[in-house]
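**Student:** If it helps, the file is called final33.tsv and holds TSV, C-alpha atoms and all ligand atoms:
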chain	number	residue	atom	x	y	z
A	1	MET	CA	-71.58	41.56	20.08
A	2	THR	CA	-70.29	43.14	16.90
A	3	ILE	CA	-69.29	41.20	13.83
A	4	PHE	CA	-65.62	41.77	14.77
A	5	GLY	CA	-66.16	40.44	18.24
A	6	ASN	CA	-67.81	37.33	16.85
A	7	ALA	CA	-65.08	36.85	14.26
A	8	LEU	CA	-62.51	37.19	17.03
A	9	ILE	CA	-64.23	34.49	19.11
A	10	LEU	CA	-64.27	32.21	16.08
A	11	LEU	CA	-60.59	32.86	15.39
A	12	CYS	CA	-59.63	32.26	19.03
A	13	ALA	CA	-61.56	28.99	19.05
A	14	PHE	CA	-59.72	27.94	15.89
A	15	VAL	CA	-56.28	28.76	17.34
A	16	ALA	CA	-57.22	27.16	20.67
A	17	MET	CA	-58.16	23.98	18.83
A	18	GLU	CA	-54.69	23.71	17.27
A	19	ILE	CA	-53.09	24.11	20.69
A	20	PHE	CA	-55.59	21.86	22.44
A	21	SER	CA	-55.50	19.11	19.83
A	22	GLY	CA	-51.68	19.14	19.81
A	23	LEU	CA	-51.61	18.62	23.58
A	24	PHE	CA	-54.47	16.13	23.47
A	25	HIS	CA	-52.61	14.17	20.79
A	26	LYS	CA	-49.34	14.20	22.67
A	27	TYR	CA	-50.47	13.46	26.19
A	28	LEU	CA	-53.70	11.50	25.79
A	29	MET	CA	-53.76	9.91	22.36
A	30	HIS	CA	-50.14	8.86	22.82
A	31	GLY	CA	-50.99	8.11	26.45
A	32	ILE	CA	-54.00	6.35	27.90
A	33	LEU	CA	-55.92	6.60	24.60
A	34	TRP	CA	-53.15	4.95	22.59
A	35	ARG	CA	-55.23	1.80	22.00
A	36	ILE	CA	-57.63	3.88	19.94
A	37	HIS	CA	-55.06	6.15	18.32
A	38	LYS	CA	-52.70	3.36	17.32
A	39	THR	CA	-55.18	2.33	14.62
A	40	HIS	CA	-53.98	5.47	12.84
A	41	HIS	CA	-50.26	4.69	13.26
A	42	GLN	CA	-50.48	0.98	12.53
A	43	LYS	CA	-52.80	0.76	9.58
A	44	GLY	CA	-55.26	-2.06	9.34
A	45	LYS	CA	-57.23	-3.04	6.26
A	46	GLY	CA	-60.49	-1.19	6.44
A	47	TYR	CA	-61.18	2.35	5.30
A	48	PHE	CA	-62.28	3.52	8.71
A	49	GLU	CA	-60.08	3.49	11.79
A	50	LEU	CA	-61.07	3.38	15.43
A	51	ASN	CA	-59.10	6.63	15.59
A	52	ASP	CA	-61.90	8.32	13.60
A	53	LEU	CA	-63.82	8.34	16.88
A	54	PHE	CA	-61.81	11.42	17.85
A	55	SER	CA	-62.95	13.44	14.83
A	56	PHE	CA	-66.47	12.25	15.44
A	57	SER	CA	-66.37	13.29	19.11
A	58	PHE	CA	-65.04	16.74	18.28
A	59	GLY	CA	-67.84	17.05	15.74
A	60	VAL	CA	-70.43	16.20	18.39
A	61	ILE	CA	-68.94	18.74	20.81
A	62	ALA	CA	-68.85	21.45	18.13
A	63	THR	CA	-72.45	20.74	17.16
A	64	ALA	CA	-73.50	20.97	20.81
A	65	PHE	CA	-71.85	24.41	21.04
A	66	VAL	CA	-73.58	25.61	17.86
A	67	LEU	CA	-77.01	24.35	18.90
A	68	ARG	CA	-76.71	25.66	22.44
A	69	GLY	CA	-75.39	28.99	21.20
A	70	ALA	CA	-77.99	29.31	18.46
A	71	ALA	CA	-80.81	29.44	21.01
A	72	GLU	CA	-79.56	32.77	22.36
A	73	PHE	CA	-77.18	33.47	19.49
A	74	ASP	CA	-74.32	34.03	21.89
A	75	TRP	CA	-70.56	33.31	22.04
A	76	ARG	CA	-71.09	29.56	22.15
A	77	PHE	CA	-72.40	29.67	18.60
A	78	TRP	CA	-69.14	31.23	17.40
A	79	VAL	CA	-66.97	28.88	19.45
A	80	GLY	CA	-68.82	25.99	17.80
A	81	CYS	CA	-68.21	27.55	14.37
A	82	GLY	CA	-64.50	27.91	15.20
A	83	ILE	CA	-64.25	24.23	16.17
A	84	ILE	CA	-66.10	23.22	13.00
A	85	ALA	CA	-63.82	25.44	10.88
A	86	TYR	CA	-60.78	23.79	12.48
A	87	GLY	CA	-62.30	20.35	11.92
A	88	LEU	CA	-62.86	21.09	8.23
A	89	VAL	CA	-59.32	22.38	7.75
A	90	TYR	CA	-58.01	19.38	9.69
A	91	PHE	CA	-60.00	17.00	7.51
A	92	VAL	CA	-58.83	18.55	4.24
A	93	VAL	CA	-55.17	18.85	5.31
A	94	HIS	CA	-54.80	15.64	7.30
A	95	ASP	CA	-57.23	13.15	5.79
A	96	VAL	CA	-57.40	14.40	2.20
A	97	PHE	CA	-54.06	16.05	1.47
A	98	ILE	CA	-51.68	14.05	3.68
A	99	HIS	CA	-53.32	10.63	3.95
A	100	ARG	CA	-55.31	10.75	0.66
A	101	ARG	CA	-58.44	9.13	1.99
A	102	LEU	CA	-60.22	11.07	-0.70
A	103	ARG	CA	-58.47	11.85	-3.97
A	104	TRP	CA	-59.26	15.54	-4.07
A	105	ILE	CA	-55.78	16.99	-3.86
A	106	GLU	CA	-52.81	15.05	-5.15
A	107	LYS	CA	-50.07	17.65	-5.01
A	108	SER	CA	-49.46	21.19	-3.99
A	109	ASN	CA	-46.79	23.71	-4.86
A	110	LEU	CA	-47.52	25.64	-1.71
A	111	ARG	CA	-44.43	25.52	0.48
A	112	TYR	CA	-46.55	25.60	3.59
A	113	LEU	CA	-48.56	22.53	2.59
A	114	GLN	CA	-45.42	20.65	1.61
A	115	ALA	CA	-43.88	21.50	4.98
A	116	LEU	CA	-47.05	20.36	6.75
A	117	ARG	CA	-46.96	17.03	4.99
A	118	ARG	CA	-43.27	16.52	5.86
A	119	ALA	CA	-43.95	17.35	9.49
A	120	HIS	CA	-46.87	14.94	9.72
A	121	LYS	CA	-44.94	12.20	7.93
A	122	ALA	CA	-42.24	12.70	10.56
A	123	HIS	CA	-44.94	12.03	13.16
A	124	HIS	CA	-45.92	8.85	11.32
A	125	ALA	CA	-42.32	7.65	11.15
A	126	TYR	CA	-43.06	6.38	14.65
A	127	THR	CA	-45.41	3.44	14.90
A	128	ASP	CA	-45.33	3.23	18.65
A	129	LYS	CA	-46.72	5.22	21.51
A	130	GLU	CA	-43.34	6.72	22.33
A	131	PRO	CA	-41.16	8.47	21.34
A	132	GLY	CA	-42.71	10.87	18.88
A	133	GLU	CA	-42.58	14.35	17.40
A	134	GLU	CA	-44.82	16.92	15.73
A	135	TYR	CA	-48.12	16.37	17.48
A	136	GLY	CA	-49.75	19.53	16.17
A	137	LEU	CA	-50.96	19.81	12.61
A	138	LEU	CA	-50.85	23.41	11.39
A	139	TRP	CA	-48.16	24.87	13.65
A	140	ILE	CA	-44.97	23.09	12.68
A	141	GLY	CA	-41.27	23.29	13.42
A	142	LYS	CA	-38.91	25.41	11.31
A	143	LYS	CA	-36.90	22.44	10.11
A	144	TYR	CA	-39.73	21.24	7.87
A	145	TRP	CA	-39.57	24.42	5.77
A	146	ARG	CA	-36.65	23.39	3.67
B	1	ZN	ZN	-50.09	10.18	16.72
B	2	ZN	ZN	-51.96	11.10	10.36
What is this structure when it is put down as structure tokens?
**Tutor:**
Amino acid sequence: MTIFGNALILLCAFVAMEIFSGLFHKYLMHGILWRIHKTHHQKGKGYFELNDLFSFSFGVIATAFVLRGAAEFDWRFWVGCGIIAYGLVYFVVHDVFIHRRLRWIEKSNLRYLQALRRAHKAHHAYTDKEPGEEYGLLWIGKKYWR
């Protein structure tokens, strides 16, 4: 596989993760997995939330792809890298920028980041399983770009 082919696999895995995690969030986390996810909507005291299990699980899956793919250096390696890239972006945008679990970024003048924060805050305006809106993170509705 050429470098472009590998980059394309990585990019597709990244885009697929945004779609997949949006659906996963909407139908499972706000469905049968609500008991775990609600620790993110109804904040408790501690720094860690049961909801962090999801990030951890995706990390384990991504690592499995990378390790399995590294043996033959095939497409699975690049899928794993795409999932890890998405996880890193998700962590910086969601946990650092929006929820400020680490004080790395306080503000941004980037319209896109401001819109992302508004969209995710709209998601958090709901503290119950249903109803809800804006389940994705990076692909957001037009109305948040004001
Ligand atoms: Zn949610
Ligand atoms: Zn959140």
**Student:** Set the distance at 9 Å and use all atoms listed in the file: which residues neighbour Tyr112 of chain A once local chain neighbours fewer than 4 positions away are removed? I'd like the list as number ranges by chain.
**Tutor:** A: 116-117, 145
**Student:** Can you write out as JSON lines which residues of chain A fall within 8 Å of ligand ZN 2 (chain B), alongside each residue's closest atom pair and its distance in Å to one decimal, counting all atoms listed in the file and ordering rows by chain and ascending residue number?
**Tutor:**
{"residue": "A:His40", "atom": "CA", "partner": "B:ZN2", "partner_atom": "ZN", "distance": 6.5}
{"residue": "A:His41", "atom": "CA", "partner": "B:ZN2", "partner_atom": "ZN", "distance": 7.2}
{"residue": "A:His94", "atom": "CA", "partner": "B:ZN2", "partner_atom": "ZN", "distance": 6.2}
{"residue": "A:Asp95", "atom": "CA", "partner": "B:ZN2", "partner_atom": "ZN", "distance": 7.3}
{"residue": "A:Ile98", "atom": "CA", "partner": "B:ZN2", "partner_atom": "ZN", "distance": 7.3}
{"residue": "A:His99", "atom": "CA", "partner": "B:ZN2", "partner_atom": "ZN", "distance": 6.6}
{"residue": "A:His120", "atom": "CA", "partner": "B:ZN2", "partner_atom": "ZN", "distance": 6.4}
{"residue": "A:Lys121", "atom": "CA", "partner": "B:ZN2", "partner_atom": "ZN", "distance": 7.5}
{"residue": "A:His123", "atom": "CA", "partner": "B:ZN2", "partner_atom": "ZN", "distance": 7.6}
{"residue": "A:His124", "atom": "CA", "partner": "B:ZN2", "partner_atom": "ZN", "distance": 6.5}
**Student:** For segment 11-18 of chain A, list every protein, DNA or RNA residue within 7 Å, evaluated using all atoms listed in the file, and leave out those in the same chain fewer than 6 positions away; present the list as a PDB file with C-alpha atoms, keeping the file's coordinate frame.
**Tutor:**
ATOM      1  CA  VAL A  79     -66.970  28.880  19.450  1.00  0.00           C
ATOM      2  CA  GLY A  82     -64.500  27.910  15.200  1.00  0.00           C
ATOM      3  CA  ILE A  83     -64.250  24.230  16.170  1.00  0.00           C
ATOM      4  CA  ALA A  85     -63.820  25.440  10.880  1.00  0.00           C
ATOM      5  CA  TYR A  86     -60.780  23.790  12.480  1.00  0.00           C
ATOM      6  CA  GLY A 136     -49.750  19.530  16.170  1.00  0.00           C
TER       7      GLY A 136
END
**Student:** Have a look at A:Val92, A:Leu67, A:Leu138, A:Ile3 and name the one nearest to Gly22 of chain A; count only C-alpha atoms.
**Tutor:**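 Closest candidate: A:Leu138.
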**Student:** Any residue with an atom at most 12 Å from ligand ZN 1 (chain B) counts, using only C-alpha atoms and all ligand atoms. Which are they? Put them as number ranges by chain.
**Tutor:** A: 21-31, 33-42, 51, 54, 94, 119-137
**Student:** Could you give me the centre and size, in Å to one decimal, of an axis-aligned box around all listed atoms of segment 54-64 of chain A with 3 Å added on every side, as AutoDock Vina command-line options?
**Tutor:**
--center_x -67.7 --center_y 16.4 --center_z 17.8 --size_x 17.7 --size_y 16.0 --size_z 12.0
**Student:** Please identify all polymer residues lying at most 6 Å from the point (-58.9, 14.1, 2.3) (file coordinates), using all atoms listed in the file, and present the result as number ranges by chain.
**Tutor:** A: 92, 95-97, 100-102
**Student:** Could you pull the residues within 12 Å of Ala64 of chain A, counting all atoms listed in the file, minus those fewer than 5 positions along the same chain, as a ChimeraX atom specification?
**Tutor:** /A:57-59,69-71,76-81,83-84
**Student:** Which residue is closest to Val66 of chain A? Choose from A:Thr2, A:Asn109, A:Lys43, A:Leu10 and count only C-alpha atoms.
**Tutor:**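 Looking at the shortest contact to Val66 of chain A, the residue is A:Leu10.
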**Student:** Rounded to one decimal, what separation in Å do you get between atom CA of Gly87 of chain A and atom CA of Thr63 of chain A?
**Tutor:** 11.4 Å
**Student:** Report the distance between atom CA of Val89 of chain A and atom CA of Gly46 of chain A in Å, rounded to one decimal place.
**Tutor:**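 Computing the Euclidean distance for atom CA of Val89 of chain A and atom CA of Gly46 of chain A yields 23.6 Å.
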**Student:** Could you tell me how far atom CA of Leu88 of chain A sits from atom CA of Arg111 of chain A, in Å to one decimal place?
**Tutor:** 20.5 Å
**Student:** Can you patch up segment 61-72 of chain A, filling it in to all heavy atoms, and show the result as an mmCIF file, keeping the file's coordinate frame?
**Tutor:**
data_model
loop_
_atom_site.group_PDB
_atom_site.id
_atom_site.type_symbol
_atom_site.label_atom_id
_atom_site.label_comp_id
_atom_site.auth_asym_id
_atom_site.auth_seq_id
_atom_site.Cartn_x
_atom_site.Cartn_y
_atom_site.Cartn_z
ATOM 1 N N ILE A 61 -69.135 17.619 19.881
ATOM 2 C CA ILE A 61 -68.940 18.740 20.810
ATOM 3 C C ILE A 61 -69.201 20.069 20.099
ATOM 4 O O ILE A 61 -69.899 20.946 20.619
ATOM 5 C CB ILE A 61 -67.503 18.695 21.397
ATOM 6 C CG1 ILE A 61 -67.351 17.463 22.300
ATOM 7 C CG2 ILE A 61 -67.201 19.990 22.167
ATOM 8 C CD1 ILE A 61 -65.921 17.145 22.700
ATOM 9 N N ALA A 62 -68.656 20.205 18.896
ATOM 10 C CA ALA A 62 -68.850 21.450 18.130
ATOM 11 C C ALA A 62 -70.326 21.685 17.843
ATOM 12 O O ALA A 62 -70.834 22.802 18.003
ATOM 13 C CB ALA A 62 -68.059 21.375 16.825
ATOM 14 N N THR A 63 -71.028 20.614 17.458
ATOM 15 C CA THR A 63 -72.450 20.740 17.160
ATOM 16 C C THR A 63 -73.235 21.154 18.403
ATOM 17 O O THR A 63 -74.138 21.987 18.330
ATOM 18 C CB THR A 63 -72.999 19.394 16.615
ATOM 19 O OG1 THR A 63 -72.181 18.995 15.510
ATOM 20 C CG2 THR A 63 -74.433 19.528 16.156
ATOM 21 N N ALA A 64 -72.831 20.604 19.556
ATOM 22 C CA ALA A 64 -73.500 20.970 20.810
ATOM 23 C C ALA A 64 -73.314 22.467 21.086
ATOM 24 O O ALA A 64 -74.259 23.158 21.486
ATOM 25 C CB ALA A 64 -72.936 20.139 21.957
ATOM 26 N N PHE A 65 -72.099 22.975 20.861
ATOM 27 C CA PHE A 65 -71.850 24.410 21.040
ATOM 28 C C PHE A 65 -72.744 25.229 20.112
ATOM 29 O O PHE A 65 -73.369 26.206 20.530
ATOM 30 C CB PHE A 65 -70.383 24.742 20.747
ATOM 31 C CG PHE A 65 -69.499 24.742 21.964
ATOM 32 C CD1 PHE A 65 -68.674 23.658 22.240
ATOM 33 C CD2 PHE A 65 -69.475 25.840 22.825
ATOM 34 C CE1 PHE A 65 -67.846 23.652 23.354
ATOM 35 C CE2 PHE A 65 -68.644 25.847 23.938
ATOM 36 C CZ PHE A 65 -67.833 24.745 24.202
ATOM 37 N N VAL A 66 -72.795 24.843 18.831
ATOM 38 C CA VAL A 66 -73.580 25.610 17.860
ATOM 39 C C VAL A 66 -75.053 25.606 18.239
ATOM 40 O O VAL A 66 -75.703 26.660 18.261
ATOM 41 C CB VAL A 66 -73.380 25.038 16.425
ATOM 42 C CG1 VAL A 66 -74.410 25.608 15.462
ATOM 43 C CG2 VAL A 66 -71.969 25.336 15.929
ATOM 44 N N LEU A 67 -75.584 24.434 18.583
ATOM 45 C CA LEU A 67 -77.010 24.350 18.900
ATOM 46 C C LEU A 67 -77.346 25.116 20.179
ATOM 47 O O LEU A 67 -78.326 25.843 20.245
ATOM 48 C CB LEU A 67 -77.438 22.881 19.037
ATOM 49 C CG LEU A 67 -77.366 22.061 17.741
ATOM 50 C CD1 LEU A 67 -77.807 20.632 17.999
ATOM 51 C CD2 LEU A 67 -78.228 22.705 16.649
ATOM 52 N N ARG A 68 -76.479 24.971 21.182
ATOM 53 C CA ARG A 68 -76.710 25.660 22.440
ATOM 54 C C ARG A 68 -76.597 27.169 22.244
ATOM 55 O O ARG A 68 -77.373 27.944 22.783
ATOM 56 C CB ARG A 68 -75.698 25.157 23.486
ATOM 57 C CG ARG A 68 -75.890 25.674 24.881
ATOM 58 C CD ARG A 68 -77.203 25.149 25.455
ATOM 59 N NE ARG A 68 -77.479 25.782 26.736
ATOM 60 C CZ ARG A 68 -77.962 27.002 26.876
ATOM 61 N NH1 ARG A 68 -78.249 27.722 25.814
ATOM 62 N NH2 ARG A 68 -78.187 27.499 28.082
ATOM 63 N N GLY A 69 -75.603 27.565 21.441
ATOM 64 C CA GLY A 69 -75.390 28.990 21.200
ATOM 65 C C GLY A 69 -76.438 29.601 20.294
ATOM 66 O O GLY A 69 -76.737 30.791 20.385
ATOM 67 N N ALA A 70 -77.007 28.787 19.412
ATOM 68 C CA ALA A 70 -77.990 29.310 18.460
ATOM 69 C C ALA A 70 -79.258 29.758 19.169
ATOM 70 O O ALA A 70 -79.932 30.697 18.747
ATOM 71 C CB ALA A 70 -78.310 28.264 17.405
ATOM 72 N N ALA A 71 -79.592 29.096 20.280
ATOM 73 C CA ALA A 71 -80.810 29.440 21.010
ATOM 74 C C ALA A 71 -80.792 30.902 21.441
ATOM 75 O O ALA A 71 -81.785 31.617 21.304
ATOM 76 C CB ALA A 71 -80.956 28.514 22.222
ATOM 77 N N GLU A 72 -79.650 31.362 21.945
ATOM 78 C CA GLU A 72 -79.560 32.770 22.360
ATOM 79 C C GLU A 72 -78.628 33.557 21.464
ATOM 80 O O GLU A 72 -78.359 34.720 21.711
ATOM 81 C CB GLU A 72 -79.105 32.839 23.818
ATOM 82 C CG GLU A 72 -80.209 32.434 24.774
ATOM 83 C CD GLU A 72 -79.662 31.807 26.031
ATOM 84 O OE1 GLU A 72 -78.851 32.463 26.698
ATOM 85 O OE2 GLU A 72 -80.047 30.656 26.328
#
